Number of protein chains: 4
Amino acid sequence: MVAHQTRLRVRYAETDQMGVVYYANYLVWMEVARVEYCKSVGFSYQEMERDDGVFLAVTEAHCRYLYPARFDQEVVIHTSLADAHPRMVRFAYEMRHEDRKLATGETKHVFCGRDLKPVRLPVKYRANFGIV
Amino acid sequence: MVAHQTRLRVRYAETDQMGVVYYANYLVWMEVARVEYCKSVGFSYQEMERDDGVFLAVTEAHCRYLYPARFDQEVVIHTSLADAHPRMVRFAYEMRHEDRKLATGETKHVFCGRDLKPVRLPVKYRANFGIV
Amino acid sequence: MVAHQTRLRVRYAETDQMGVVYYANYLVWMEVARVEYCKSVGFSYQEMERDDGVFLAVTEAHCRYLYPARFDQEVVIHTSLADAHPRMVRFAYEMRHEDRKLATGETKHVFCGRDLKPVRLPVKYRANFGIV
Amino acid sequence: MVAHQTRLRVRYAETDQMGVVYYANYLVWMEVARVEYCKSVGFSYQEMERDDGVFLAVTEAHCRYLYPARFDQEVVIHTSLADAHPRMVRFAYEMRHEDRKLATGETKHVFCGRDLKPVRLPVKYRANFGIV
């Protein structure tokens, strides 16, 4: 199973008055990691959208917050494919700062056309998602 | 069971290039609804933080996306208390535009002090959460 | 000169670890106020984009921060048209909490088509912007 | 004059339904660039806040938008110190994608204590800002 590793640094904008990262921003990080995952397995999400009109619409997102992330920390996100079919895909994420696990997450997506109606993933992208 | 209703209008900033609301923003809306829920049952989240140093740290968030929300739509969020103990609380959310269900969500929180260490909810707030 | 008044409540998501509203969010508020301004003078920005393919692309934004806004405060934004021609429009904003001025801002926009190339504002919208 | 160069990649979250980056996000990028600028001249903004209680409160922000940034593009931000005194500092920014200038910006800040009241920059940080 391919696992991709993304690094990012916590932005001031991402903190809130509790002094830690606001909880919705972990979903933004999952998206950043997902886009990099796609590149790591050989295609560009941007081009899939623009050239083939295939979108990954989120149908479910889940995050467990274990330890708060703070401004200027480096966060490492491990992304893996949890499941994939021609109609949907699930990603799993683990976010860490140094040796501390910050959060785990999961997102589920359906493939859509420009009209946001479900489609089957074009054959040329299936190998990228490990769909045989 | 008390259920509170919050209304908000989708901001341009909340959309993405798919032409619909970006998925992380539903968690922001849940927070807006949660703060209003607290007011509706008789206390101010802002004052609980500032005056008593009690924070609601999110430990888990979940969202199911059923139908995309779009710019300038009015979204109605029904918020209810799913569970509450002196150490934690769970909220459930249902988001609608007119008669269409857009999303459902759930958040789980622990009560914390200023140092983000878990605490028991001060007695004076327990009735607000239906804790006897 | 028409001036429109928009009210919003500061979201937790909008604060940062300084304990006040993060500076970029004032630009989001200006957008919320701008959209309401358009409604107040008789048209829907959403419909102008969708039905006529006319977009207000920002070419300049400016904000002076006078006093920090805080979580859960009600902010009142006074929006007025500072200038308008068939190719551009400027808005001016004043943001207050109670009798305290929080910030003033200005945005400059050009009218664009779907390709983001400049266009002249369709005649039917000119009266809304006070263009004769 | 020291100029620092920051690189970032446009996030999906940063786009809006116009298909380009939402205008307030350029201010977030300026903040990311500012934090890296501080590191490049020898100190950590995070430590200055945490250890010395010195904050850089924004008093003014300005952005000129020349060409829209798009999802997944690499943006390079050149940051320089435009002015600095013991009570305030001004930064100038130029944002590019490849050889295209996307935007220019400027932010003005006063040094503050934890109570957000203005202070004079502690002597130990002055050389970092080129203040003699």
# chains A, B, ... in the order shown; residues from 1 in each chain; ligands from 1
call {"tool": "interface_residues", "arguments": {"of": "chain C", "to": "chain D", "cutoff": "8 Å", "atoms": "only C-alpha atoms", "output": "JSON, numbers by chain"}}
result
{"C": [18, 23, 24, 25, 27, 28, 55, 58, 59, 60, 61, 62, 63, 64, 65, 66, 114]}
call {"tool": "write_last_selection", "arguments": {"atoms": "N, CA, C and O atoms", "output": "PDB file, in the first residue's frame"}}
result
ATOM      1  N   MET C  18      -3.638  35.541  19.116  1.00  0.00           N
ATOM      2  CA  MET C  18      -3.487  36.836  19.779  1.00  0.00           C
ATOM      3  C   MET C  18      -4.761  37.139  20.582  1.00  0.00           C
ATOM      4  O   MET C  18      -4.805  38.100  21.350  1.00  0.00           O
ATOM      5  N   TYR C  23      -6.341  39.320  10.873  1.00  0.00           N
ATOM      6  CA  TYR C  23      -6.504  40.505  10.020  1.00  0.00           C
ATOM      7  C   TYR C  23      -7.111  40.246   8.648  1.00  0.00           C
ATOM      8  O   TYR C  23      -7.789  41.114   8.097  1.00  0.00           O
ATOM      9  N   ALA C  24      -6.886  39.068   8.071  1.00  0.00           N
ATOM     10  CA  ALA C  24      -7.442  38.797   6.738  1.00  0.00           C
ATOM     11  C   ALA C  24      -8.961  38.677   6.769  1.00  0.00           C
ATOM     12  O   ALA C  24      -9.620  38.862   5.748  1.00  0.00           O
ATOM     13  N   ASN C  25      -9.508  38.359   7.942  1.00  0.00           N
ATOM     14  CA  ASN C  25     -10.957  38.144   8.010  1.00  0.00           C
ATOM     15  C   ASN C  25     -11.771  39.420   7.822  1.00  0.00           C
ATOM     16  O   ASN C  25     -12.949  39.359   7.460  1.00  0.00           O
ATOM     17  N   LEU C  27     -11.359  41.349   5.437  1.00  0.00           N
ATOM     18  CA  LEU C  27     -11.644  41.379   3.996  1.00  0.00           C
ATOM     19  C   LEU C  27     -12.828  40.457   3.667  1.00  0.00           C
ATOM     20  O   LEU C  27     -13.602  40.742   2.756  1.00  0.00           O
ATOM     21  N   VAL C  28     -12.952  39.378   4.417  1.00  0.00           N
ATOM     22  CA  VAL C  28     -14.115  38.504   4.248  1.00  0.00           C
ATOM     23  C   VAL C  28     -15.387  39.266   4.648  1.00  0.00           C
ATOM     24  O   VAL C  28     -16.403  39.213   3.956  1.00  0.00           O
ATOM     25  N   PHE C  55     -18.602  39.371 -13.246  1.00  0.00           N
ATOM     26  CA  PHE C  55     -17.930  39.191 -11.968  1.00  0.00           C
ATOM     27  C   PHE C  55     -17.293  40.506 -11.523  1.00  0.00           C
ATOM     28  O   PHE C  55     -16.902  41.315 -12.358  1.00  0.00           O
ATOM     29  N   VAL C  58     -11.595  41.786  -7.687  1.00  0.00           N
ATOM     30  CA  VAL C  58     -10.925  42.774  -6.840  1.00  0.00           C
ATOM     31  C   VAL C  58      -9.576  43.141  -7.445  1.00  0.00           C
ATOM     32  O   VAL C  58      -8.790  42.259  -7.788  1.00  0.00           O
ATOM     33  N   THR C  59      -9.302  44.428  -7.574  1.00  0.00           N
ATOM     34  CA  THR C  59      -7.976  44.843  -8.044  1.00  0.00           C
ATOM     35  C   THR C  59      -7.168  45.499  -6.935  1.00  0.00           C
ATOM     36  O   THR C  59      -5.963  45.642  -7.042  1.00  0.00           O
ATOM     37  N   GLU C  60      -7.849  45.882  -5.873  1.00  0.00           N
ATOM     38  CA  GLU C  60      -7.137  46.513  -4.778  1.00  0.00           C
ATOM     39  C   GLU C  60      -7.966  46.403  -3.500  1.00  0.00           C
ATOM     40  O   GLU C  60      -9.193  46.516  -3.546  1.00  0.00           O
ATOM     41  N   ALA C  61      -7.301  46.154  -2.395  1.00  0.00           N
ATOM     42  CA  ALA C  61      -7.981  46.100  -1.098  1.00  0.00           C
ATOM     43  C   ALA C  61      -7.101  46.779  -0.067  1.00  0.00           C
ATOM     44  O   ALA C  61      -5.865  46.661  -0.120  1.00  0.00           O
ATOM     45  N   HIS C  62      -7.715  47.479   0.834  1.00  0.00           N
ATOM     46  CA  HIS C  62      -6.990  48.229   1.832  1.00  0.00           C
ATOM     47  C   HIS C  62      -7.772  48.170   3.135  1.00  0.00           C
ATOM     48  O   HIS C  62      -8.992  48.276   3.136  1.00  0.00           O
ATOM     49  N   CYS C  63      -7.073  47.992   4.241  1.00  0.00           N
ATOM     50  CA  CYS C  63      -7.754  48.000   5.535  1.00  0.00           C
ATOM     51  C   CYS C  63      -6.888  48.696   6.572  1.00  0.00           C
ATOM     52  O   CYS C  63      -5.677  48.469   6.627  1.00  0.00           O
ATOM     53  N   ARG C  64      -7.507  49.582   7.351  1.00  0.00           N
ATOM     54  CA  ARG C  64      -6.850  50.212   8.505  1.00  0.00           C
ATOM     55  C   ARG C  64      -7.483  49.623   9.753  1.00  0.00           C
ATOM     56  O   ARG C  64      -8.701  49.678   9.908  1.00  0.00           O
ATOM     57  N   TYR C  65      -6.644  49.055  10.628  1.00  0.00           N
ATOM     58  CA  TYR C  65      -7.124  48.367  11.824  1.00  0.00           C
ATOM     59  C   TYR C  65      -6.964  49.310  13.010  1.00  0.00           C
ATOM     60  O   TYR C  65      -5.843  49.678  13.365  1.00  0.00           O
ATOM     61  N   LEU C  66      -8.081  49.705  13.605  1.00  0.00           N
ATOM     62  CA  LEU C  66      -8.030  50.710  14.655  1.00  0.00           C
ATOM     63  C   LEU C  66      -8.155  50.105  16.040  1.00  0.00           C
ATOM     64  O   LEU C  66      -7.525  50.549  16.990  1.00  0.00           O
ATOM     65  N   ARG C 114     -16.698  35.743 -17.623  1.00  0.00           N
ATOM     66  CA  ARG C 114     -16.329  34.439 -17.057  1.00  0.00           C
ATOM     67  C   ARG C 114     -14.851  34.105 -17.261  1.00  0.00           C
ATOM     68  O   ARG C 114     -14.268  33.320 -16.526  1.00  0.00           O
TER      69      ARG C 114
END
call {"tool": "residues_around", "arguments": {"residues": "Ile77 (chain A)", "least_positions_apart": "3", "cutoff": "10 Å", "atoms": "only C-alpha atoms", "output": "ChimeraX atom specification"}}
result
/A:3-8,29-30,32-34,74,80,92-97,101-104
call {"tool": "residues_around", "arguments": {"residues": "Pro122 (chain D)", "least_positions_apart": "6", "cutoff": "10 Å", "atoms": "only C-alpha atoms", "output": "compact mmCIF listing (two decimals) with N, CA, C and O atoms, in the first residue's frame"}}
result
# COMPACT_ATOMS: atom_id res chain seq x y z
N MET D 48 9.40 35.19 20.03
CA MET D 48 9.26 36.58 20.48
C MET D 48 7.91 36.77 21.17
O MET D 48 7.83 37.40 22.23
N ASP D 52 8.87 36.66 25.04
CA ASP D 52 9.02 38.07 25.39
C ASP D 52 7.69 38.81 25.41
O ASP D 52 7.66 40.00 25.75
N VAL D 54 6.00 39.93 23.01
CA VAL D 54 5.96 41.01 22.02
C VAL D 54 5.20 40.52 20.78
O VAL D 54 5.56 39.49 20.20
N PRO D 86 11.51 51.70 16.61
CA PRO D 86 11.27 50.89 17.81
C PRO D 86 9.78 50.67 18.09
O PRO D 86 9.42 49.80 18.87
N ARG D 87 8.89 51.44 17.44
CA ARG D 87 7.46 51.28 17.72
C ARG D 87 6.68 50.64 16.58
O ARG D 87 5.56 50.18 16.79
N PHE D 111 4.43 47.27 17.51
CA PHE D 111 4.82 46.27 18.50
C PHE D 111 3.91 46.44 19.71
O PHE D 111 3.64 47.56 20.14
call {"tool": "select_by_dssp", "arguments": {"residues": "chain C", "states": "alpha helix (DSSP H)", "output": "ChimeraX atom specification"}}
result
/C:25-40,45-52,123-126
call {"tool": "write_last_selection", "arguments": {"atoms": "N, CA, C and O atoms", "output": "short mmCIF file (atom, residue, chain, number, x, y, z; two decimals), in the first residue's frame"}}
result
data_model
loop_
_atom_site.label_atom_id
_atom_site.label_comp_id
_atom_site.auth_asym_id
_atom_site.auth_seq_id
_atom_site.Cartn_x
_atom_site.Cartn_y
_atom_site.Cartn_z
N ASN C 25 -9.51 38.36 7.94
CA ASN C 25 -10.96 38.14 8.01
C ASN C 25 -11.77 39.42 7.82
O ASN C 25 -12.95 39.36 7.46
N TYR C 26 -11.13 40.57 8.04
CA TYR C 26 -11.84 41.83 7.78
C TYR C 26 -12.19 41.94 6.30
O TYR C 26 -13.19 42.54 5.93
N LEU C 27 -11.36 41.35 5.44
CA LEU C 27 -11.64 41.38 4.00
C LEU C 27 -12.83 40.46 3.67
O LEU C 27 -13.60 40.74 2.76
N VAL C 28 -12.95 39.38 4.42
CA VAL C 28 -14.12 38.50 4.25
C VAL C 28 -15.39 39.27 4.65
O VAL C 28 -16.40 39.21 3.96
N TRP C 29 -15.29 40.00 5.73
CA TRP C 29 -16.45 40.79 6.19
C TRP C 29 -16.83 41.84 5.15
O TRP C 29 -18.01 42.11 4.92
N MET C 30 -15.81 42.47 4.55
CA MET C 30 -16.11 43.47 3.51
C MET C 30 -16.87 42.81 2.36
O MET C 30 -17.77 43.42 1.79
N GLU C 31 -16.51 41.57 2.03
CA GLU C 31 -17.22 40.86 0.95
C GLU C 31 -18.67 40.59 1.36
O GLU C 31 -19.60 40.78 0.56
N VAL C 32 -18.88 40.17 2.59
CA VAL C 32 -20.24 39.92 3.07
C VAL C 32 -21.06 41.22 2.97
O VAL C 32 -22.21 41.23 2.50
N ALA C 33 -20.43 42.32 3.37
CA ALA C 33 -21.10 43.62 3.35
C ALA C 33 -21.39 44.07 1.92
O ALA C 33 -22.45 44.65 1.63
N ARG C 34 -20.46 43.77 1.01
CA ARG C 34 -20.60 44.15 -0.40
C ARG C 34 -21.78 43.43 -1.04
O ARG C 34 -22.55 44.02 -1.79
N VAL C 35 -21.90 42.16 -0.73
CA VAL C 35 -23.00 41.35 -1.28
C VAL C 35 -24.34 41.89 -0.77
O VAL C 35 -25.30 42.01 -1.52
N GLU C 36 -24.38 42.25 0.51
CA GLU C 36 -25.62 42.82 1.07
C GLU C 36 -25.89 44.20 0.50
O GLU C 36 -27.04 44.58 0.30
N TYR C 37 -24.81 44.95 0.26
CA TYR C 37 -24.99 46.27 -0.35
C TYR C 37 -25.69 46.12 -1.70
O TYR C 37 -26.63 46.85 -2.01
N CYS C 38 -25.23 45.17 -2.50
CA CYS C 38 -25.83 44.95 -3.83
C CYS C 38 -27.32 44.66 -3.69
O CYS C 38 -28.15 45.24 -4.42
N LYS C 39 -27.68 43.80 -2.74
CA LYS C 39 -29.11 43.52 -2.52
C LYS C 39 -29.86 44.80 -2.15
O LYS C 39 -30.97 45.03 -2.60
N SER C 40 -29.23 45.62 -1.32
CA SER C 40 -29.92 46.82 -0.83
C SER C 40 -30.20 47.82 -1.95
O SER C 40 -31.10 48.63 -1.84
N TYR C 45 -25.89 39.89 -6.43
CA TYR C 45 -24.57 39.62 -7.00
C TYR C 45 -24.50 38.18 -7.54
O TYR C 45 -23.94 37.94 -8.62
N GLN C 46 -25.11 37.26 -6.81
CA GLN C 46 -25.14 35.85 -7.21
C GLN C 46 -25.78 35.69 -8.60
O GLN C 46 -25.25 34.98 -9.46
N GLU C 47 -26.88 36.38 -8.82
CA GLU C 47 -27.56 36.27 -10.12
C GLU C 47 -26.78 36.97 -11.23
O GLU C 47 -26.76 36.50 -12.36
N MET C 48 -26.14 38.09 -10.89
CA MET C 48 -25.35 38.80 -11.91
C MET C 48 -24.23 37.88 -12.40
O MET C 48 -23.97 37.79 -13.60
N GLU C 49 -23.61 37.16 -11.48
CA GLU C 49 -22.55 36.22 -11.85
C GLU C 49 -23.11 35.07 -12.67
O GLU C 49 -22.59 34.74 -13.74
N ARG C 50 -24.17 34.47 -12.14
CA ARG C 50 -24.68 33.24 -12.73
C ARG C 50 -25.42 33.50 -14.03
O ARG C 50 -25.20 32.79 -15.02
N ASP C 51 -26.27 34.54 -14.06
CA ASP C 51 -27.15 34.74 -15.22
C ASP C 51 -26.49 35.60 -16.30
O ASP C 51 -26.74 35.41 -17.49
N ASP C 52 -25.65 36.55 -15.88
CA ASP C 52 -25.06 37.46 -16.86
C ASP C 52 -23.56 37.26 -17.02
O ASP C 52 -22.94 37.91 -17.87
N VAL C 123 -25.72 47.52 -19.25
CA VAL C 123 -26.51 48.74 -18.99
C VAL C 123 -27.56 48.52 -17.91
O VAL C 123 -27.78 49.39 -17.05
N LYS C 124 -28.15 47.31 -17.89
CA LYS C 124 -29.24 47.08 -16.94
C LYS C 124 -28.81 47.19 -15.48
O LYS C 124 -29.66 47.37 -14.61
N TYR C 125 -27.52 47.05 -15.19
CA TYR C 125 -27.05 47.15 -13.81
C TYR C 125 -26.54 48.54 -13.45
O TYR C 125 -26.22 48.80 -12.28
N ARG C 126 -26.41 49.42 -14.45
CA ARG C 126 -25.71 50.69 -14.16
C ARG C 126 -26.41 51.56 -13.12
O ARG C 126 -25.75 52.14 -12.26
#
